Amino acid sequence: MLSIACLGLLLVFAGTAKAQALAISEPERVSSSLLNYRVLGKNEGGVLVYKHRRDKEVIEAYDKSMNLVRRKTLDYGERDAETVNIYLSPDGGLLHFYTYKEKRTEYLEAQRMNARLVDVGAPVLLDSVDKREDGNWDDFLMRQSPDRNWLLIFRLDTRTTTMDGVHARVFNPALEEQFNEHLILDGVDRLMLLHDAFISDRGDLTFAFVKDHVRLKSGEQPHLTFHIRPADFGLFRRLAVDEMPDVKIREVDFAWDQLNNRVVATGFYNEGSRSYAAGVLFASASASGEWFSKRFVPFDADFVADVTGRSSRKRDEIPLYTVQDVIVRSDGGAVLVSEYVNESSEAYEYTDYDPYYGGYRTAMRYINYHEYEDILLLMIDPDGTVRWDDVIRKKQVSREDYGRNSSYALLNAQTRLFFVFNEDISYDTNVMQYALDPKGRLQRDAIFNADANEVMLVPRKALQVSGNELVIPSLYKNNLAFVKLAY
């Protein structure tokens, strides 16, 4: 989901759509010791990147030309700690969250840093779980408000076979606790799945649950529920989407509408087989919990023809796309960005000589294929109707790589959305860019050749670090680098 800025309605498409500047960091040879890496964002110290190796964790800062200017090794002293998350703070510094265990108690602490990655003050203890007294609680999860002034830390209570509740704490920028509450779930909500959580700039909380199709098979159960706690009202309010019990919602995502202070949910529903989409669900709820809108809109034959490229009277011929992003609009509508994703495997029979067996033996080998194809774009009005649709045609197929270099990176420049992806999965691929304006017009450009720049993009790990900058990791022949596109 993306909610960095609202996509305006009446903004005019102007200027070139091509990236204005390309900067690439010095490549670093990687091995199996590199466990994880992530782009954190940007502050006055530069573009920030987190790297986790087996022996250490580091945060690195890169300047505007993506030259390494600073590196900090995270030091836990004698503790065996593990990073949970790293957020930028309102003052431009960093908040580093980590856990450690002592006996049966797990502690969550945070260390503040300034923009130059220097520790500020002592670590702050935020929460702890004692398995003997508190029972079975899941890992610490957290969300930050769009303005970074509020921090939500929550844990799921799973002491039984169901989810009994959610324990939520809210902190201000000084990491001082503002409230500590336990959302108790009743009835079918205990059998649902927590999909996402949000905290607004005012401190309003929203927990969004979706139906568990394994445990809730009855059509009479709600498709999704919102549990909303307004900042100025001390109780949670429950709102449910339970109309049309004969349909199934297989793909849905949520976004926070910062301008209108509400949560938005949209996705696809089907009327039987999960392989096809029959229409769009659009629902929204205010942070006060006082108003709620929801609507199911079926696809018509013209829409099916536009998307599939063929005429048909059947509404169920659109494949079930995976919802990847929901971008809220200034008028209360949304842009729904979905992608056709398919994973399959093929069995191969091979014969090999077995010295222990003393002869040839035949066995089966399975090869996993990953397909990331067309991107379906829907502009949805506040009442749930689809104003326009368009499709970005692409076909990315790879094997045995979990689709590492597939899919796309997205930059929301308010006047346009930019989609960046590898044209195909090979070192010699061209990097493609599609620019989408508010009227649904697409402009296509090939912005550079991957092999010529010795990069291979990992689009799903990309992050928009400013209003006009996108940073995308690259893994090229076991070399890790970071590519910055400036528009």
# chains A, B, ... in the order shown; residues from 1 in each chain; ligands from 1
>>> residues_around(residues="Met379 in chain A", least_positions_apart="2", cutoff="6 Å", atoms="only C-alpha atoms", output="VMD selection string")
chain A and resid 335 386 to 388
>>> residues_around(residues="Leu183 in chain A", least_positions_apart="3", cutoff="8 Å", atoms="only C-alpha atoms", output="MDAnalysis selection string")
chainID A and resid 165:168 236
>>> write_last_selection(atoms="N, CA and C atoms", output="short mmCIF file (atom, residue, chain, number, x, y, z; two decimals), in the first residue's frame")
data_model
loop_
_atom_site.label_atom_id
_atom_site.label_comp_id
_atom_site.auth_asym_id
_atom_site.auth_seq_id
_atom_site.Cartn_x
_atom_site.Cartn_y
_atom_site.Cartn_z
N GLY A 165 -7.41 -11.18 21.02
CA GLY A 165 -7.39 -9.73 21.09
C GLY A 165 -6.10 -9.14 20.58
N VAL A 166 -6.02 -7.82 20.71
CA VAL A 166 -4.83 -7.07 20.30
C VAL A 166 -4.46 -6.11 21.42
N HIS A 167 -3.21 -6.17 21.85
CA HIS A 167 -2.70 -5.27 22.88
C HIS A 167 -1.99 -4.12 22.18
N ALA A 168 -2.48 -2.88 22.37
CA ALA A 168 -1.96 -1.73 21.65
C ALA A 168 -1.41 -0.68 22.60
N PHE A 236 -13.18 1.33 21.30
CA PHE A 236 -13.12 0.84 19.92
C PHE A 236 -14.54 0.69 19.37
#
>>> select_by_dssp(residues="range 18-236 of chain A", states="strand (DSSP E)", output="NGL selection string")
:A and (21-24 or 28-29 or 34-43 or 46-53 or 57-62 or 68-73 or 82-88 or 94-102 or 105-113 or 119-130 or 141-144 or 151-157 or 165-171 or 177-184 or 193-199 or 205-210 or 224-229)
>>> residues_around(residues="Ser398 in chain A", least_positions_apart="4", cutoff="7 Å", atoms="only C-alpha atoms", output="JSON, numbers by chain")
{"A": [369, 370, 371, 403, 425]}
>>> closest_residue(among="A:Ala277, A:Val264, A:Val124, A:Val188", to="Asp242 in chain A", atoms="only C-alpha atoms")
A:Val188
>>> atom_distance(atom1="CA of Val397 in chain A", atom2="CA of Asp424 in chain A")
7.3 Å
>>> select_by_dssp(residues="range 105-280 of chain A", states="helix (DSSP H, G or I)", output="NGL selection string")
:A and (131-134 or 187-191)
>>> closest_residue(among="A:Glu400, A:Asp381, A:Asp306, A:Glu343", to="Arg329 in chain A", atoms="only C-alpha atoms")
A:Asp381
>>> residues_around(residues="Arg38 in chain A", least_positions_apart="6", cutoff="9 Å", atoms="only C-alpha atoms", output="ChimeraX atom specification")
/A:48-52,461-463,473
>>> write_last_selection(atoms="C-alpha atoms", output="mmCIF file, in the first residue's frame")
data_model
loop_
_atom_site.group_PDB
_atom_site.id
_atom_site.type_symbol
_atom_site.label_atom_id
_atom_site.label_comp_id
_atom_site.auth_asym_id
_atom_site.auth_seq_id
_atom_site.Cartn_x
_atom_site.Cartn_y
_atom_site.Cartn_z
ATOM 1 C CA LEU A 48 19.751 5.418 4.507
ATOM 2 C CA VAL A 49 20.155 1.668 4.043
ATOM 3 C CA TYR A 50 20.061 -1.168 6.587
ATOM 4 C CA LYS A 51 22.147 -4.320 6.078
ATOM 5 C CA HIS A 52 22.013 -7.424 8.247
ATOM 6 C CA LYS A 461 12.442 -3.790 -2.285
ATOM 7 C CA ALA A 462 12.260 -0.254 -3.715
ATOM 8 C CA LEU A 463 11.285 2.729 -1.581
ATOM 9 C CA PRO A 473 18.253 -2.204 -4.749
#
